Amino acid sequence: MEREVIGGLRCLLLYADDPDRRDRFQQLLQGYDHKWALVPTLKTGAELVRLLRENRTDGVIFVYRKGQTAVLDSLQLVGQSLPSVQRFVVGGPEDRESLRALPGMPPIFLLEGQSAEQVDERLTHTFALQGWIGRPAIAQILPRLKSLPVLPATYQQVFEALLDSEFSGDKVASLIGQDPSLTAQLLKVANSAFFGRQQAVRSIPEAVMMLGVIRLRALVMSSQAFCFIDEGVCPHFSPTAEWGHALEVAGVTQELSRKVSGDEPLAEAAFTAGLLHDLGKILIAANLPDAYGALLETSRERPTDIWRLEQERLGFTHGELGACLLGVWGVPLDFIEAVAWHHEPTKAPGRNRGSLALVHVADCLVRKDSCKQGIEYGIHGTALCRHCGEEWPNTPETYTRV
């Protein structure tokens, strides 16, 4: 099972006490054996941790059934002892509830019955994100997180309905209507000044049709995240103010995208990236309220960007931490990239920096700093942000007129 023996593949232990379910999962990924080496095991607890450590294993997949306390205990122990080892759980929709009580960042959930392509994409997505954000400080903080926004059952159902290729506006509207909080949030957004409606939007079906699938997905995620802590939990931090800032940045990002691309689906995707860009601040405020309150107080006294203070004192930024949560939720990598490096765009590993550049500039514009004219373009196709001096070489032509 050593890495050299399996030719550099990702080695994943596969725990399942049901041989039939284990065999089905192995057969599912047979076509991807050039990427994933699945090694069956029945070990749990400390023995499992020892096996993972001794064999330098990349991750462990648990085929879960309700009531398996040994699996839940093992998930927690692996997360605490080996934070760099990825944890995956295969189960049905009802099994998500069992995982929400676990401390720290939850494991990646693989819905039983998904296609081989969907499972492969989720595994690939997870390890790509791990490769992007590999700071030791990030790995150390994830198991210690005690307060996390989770998508309640209704939110999860809405989110999955929005992912369905046979999207039904009526079905989504019906699901949203079951949750008064989500209903209120979406009607509030639909009637906000950003959309410039002359007549009020009074029904959920009307709001669903107006907002569109991509923006709805972002709003379902973010409305829960920005409301899961109360005002006053963290000194000098207001979830309400952060939600307002997120909506404003989302709107500006979308308008910038329309200006430079003229593509409405791309503009809606840009809205999503802008809406989620500061999600990590909520996580830090909820889990490190005193430390973050002191950091925010210092930011008032020193003309230093908050993200620089986060790096200095915490060892990670709100962009990186927010990206980790979005990775667990299965958000596409281009959105995660825009969130993770919206303050440091030149560090992004991806090649498509369009959304990232737009979120960076929109954030600068909304904060009314020195970046009022967005990006200034110089010689040899380089782009310079007047706010922070960040320079992007080889910026795509479609994003050279922000």
# chains A, B, ... in the order shown; residues from 1 in each chain; ligands from 1
>>> select_by_dssp(residues="segment 198-390 of chain A", states="strand (DSSP E)", output="list in words")
Ile375, Glu376, Tyr377, Ala383, Leu384 and Cys385 of chain A
>>> residues_around(residues="Asp363 of chain A", least_positions_apart="4", cutoff="8 Å", atoms="only C-alpha atoms", output="mmCIF file with all heavy atoms, in the first residue's frame")
data_model
loop_
_atom_site.group_PDB
_atom_site.id
_atom_site.type_symbol
_atom_site.label_atom_id
_atom_site.label_comp_id
_atom_site.auth_asym_id
_atom_site.auth_seq_id
_atom_site.Cartn_x
_atom_site.Cartn_y
_atom_site.Cartn_z
ATOM 1 N N VAL A 249 -20.953 43.810 -2.993
ATOM 2 C CA VAL A 249 -19.839 43.328 -3.813
ATOM 3 C C VAL A 249 -20.349 42.407 -4.919
ATOM 4 O O VAL A 249 -19.884 42.465 -6.066
ATOM 5 C CB VAL A 249 -18.786 42.597 -2.942
ATOM 6 C CG1 VAL A 249 -17.749 41.888 -3.812
ATOM 7 C CG2 VAL A 249 -18.087 43.582 -2.017
ATOM 8 N N VAL A 359 -13.846 40.076 -8.658
ATOM 9 C CA VAL A 359 -14.173 40.137 -7.231
ATOM 10 C C VAL A 359 -13.199 41.057 -6.509
ATOM 11 O O VAL A 359 -13.599 41.858 -5.654
ATOM 12 C CB VAL A 359 -14.146 38.726 -6.606
ATOM 13 C CG1 VAL A 359 -14.289 38.815 -5.084
ATOM 14 C CG2 VAL A 359 -15.269 37.879 -7.181
ATOM 15 N N ARG A 367 -15.476 49.152 -0.993
ATOM 16 C CA ARG A 367 -14.859 49.698 0.215
ATOM 17 C C ARG A 367 -14.400 51.132 0.027
ATOM 18 O O ARG A 367 -13.857 51.746 0.939
ATOM 19 C CB ARG A 367 -13.687 48.807 0.639
ATOM 20 C CG ARG A 367 -14.152 47.501 1.259
ATOM 21 C CD ARG A 367 -13.019 46.721 1.875
ATOM 22 N NE ARG A 367 -12.227 46.039 0.863
ATOM 23 C CZ ARG A 367 -10.899 46.013 0.830
ATOM 24 N NH1 ARG A 367 -10.217 46.675 1.734
ATOM 25 N NH2 ARG A 367 -10.258 45.355 -0.109
#
>>> residues_around(residues="segment 250-254 of chain A", least_positions_apart="6", cutoff="10 Å", atoms="only C-alpha atoms", output="list in words")
Phe194, Phe195, Arg215, Gly244, Glu264, Pro265, Leu266, Ala267, Glu268, Ala269, Ala270, Phe271, Thr272, Ala273, Gly274, Leu275, Leu276, His277, Ser355, Leu356, Ala357, Leu358, Val359, His360, Val361, Ala362, Asp363, Leu365 and Val366 of chain A
>>> closest_residue(among="A:Leu111, A:Ala70, A:Ala190, A:Leu14", to="Leu219 of chain A", atoms="only C-alpha atoms")
A:Ala190
>>> residues_around(residues="Pro235 of chain A", least_positions_apart="3", cutoff="10 Å", atoms="only C-alpha atoms", output="PyMOL selection string")
chain A and resi 231-232+238+285+289-297
>>> write_last_selection(atoms="N, CA and C atoms", output="short mmCIF file (atom, residue, chain, number, x, y, z; two decimals), in the first residue's frame")
data_model
loop_
_atom_site.label_atom_id
_atom_site.label_comp_id
_atom_site.auth_asym_id
_atom_site.auth_seq_id
_atom_site.Cartn_x
_atom_site.Cartn_y
_atom_site.Cartn_z
N GLU A 231 -25.59 39.06 16.35
CA GLU A 231 -24.86 40.31 16.58
C GLU A 231 -24.26 40.30 17.98
N GLY A 232 -23.06 40.82 18.13
CA GLY A 232 -22.44 40.94 19.44
C GLY A 232 -21.63 39.74 19.88
N SER A 238 -20.13 42.65 12.76
CA SER A 238 -21.58 42.62 12.56
C SER A 238 -21.92 41.71 11.38
N ALA A 285 -15.08 34.77 13.16
CA ALA A 285 -15.79 35.49 14.21
C ALA A 285 -16.55 34.54 15.14
N PRO A 289 -13.91 34.43 18.60
CA PRO A 289 -14.49 35.77 18.74
C PRO A 289 -13.59 36.77 19.44
N ASP A 290 -12.94 36.36 20.52
CA ASP A 290 -12.10 37.30 21.25
C ASP A 290 -10.86 37.68 20.44
N ALA A 291 -10.21 36.68 19.88
CA ALA A 291 -9.00 36.94 19.09
C ALA A 291 -9.33 37.79 17.86
N TYR A 292 -10.46 37.49 17.22
CA TYR A 292 -10.80 38.24 16.02
C TYR A 292 -11.28 39.65 16.37
N GLY A 293 -11.96 39.77 17.50
CA GLY A 293 -12.36 41.10 17.94
C GLY A 293 -11.16 41.99 18.20
N ALA A 294 -10.13 41.43 18.83
CA ALA A 294 -8.90 42.18 19.09
C ALA A 294 -8.21 42.54 17.77
N LEU A 295 -8.23 41.61 16.82
CA LEU A 295 -7.63 41.86 15.51
C LEU A 295 -8.36 43.00 14.80
N LEU A 296 -9.70 42.99 14.86
CA LEU A 296 -10.48 44.05 14.22
C LEU A 296 -10.23 45.39 14.88
N GLU A 297 -10.05 45.38 16.20
CA GLU A 297 -9.72 46.62 16.91
C GLU A 297 -8.38 47.16 16.45
#
>>> closest_atom_pairs(of="segment 270-291 of chain A", to="segment 141-151 of chain A", cutoff="9 Å", atoms="only C-alpha atoms", output="JSON lines")
{"residue": "A:Ile282", "atom": "CA", "partner": "A:Leu148", "partner_atom": "CA", "distance": 9.0}
{"residue": "A:Leu283", "atom": "CA", "partner": "A:Leu148", "partner_atom": "CA", "distance": 6.7}
{"residue": "A:Ile284", "atom": "CA", "partner": "A:Leu145", "partner_atom": "CA", "distance": 8.9}
{"residue": "A:Ala286", "atom": "CA", "partner": "A:Ser147", "partner_atom": "CA", "distance": 6.1}
{"residue": "A:Asn287", "atom": "CA", "partner": "A:Ser147", "partner_atom": "CA", "distance": 5.9}
{"residue": "A:Leu288", "atom": "CA", "partner": "A:Leu145", "partner_atom": "CA", "distance": 8.9}
>>> residues_around(residues="Phe109 of chain A", least_positions_apart="4", cutoff="8 Å", atoms="only C-alpha atoms", output="list in words")
Phe88, Val89, Val90, Gly91, Arg96 and Val328 of chain A
>>> atom_distance(atom1="atom CA of Ala207 of chain A", atom2="atom CA of Gly322 of chain A")
27.2 Å
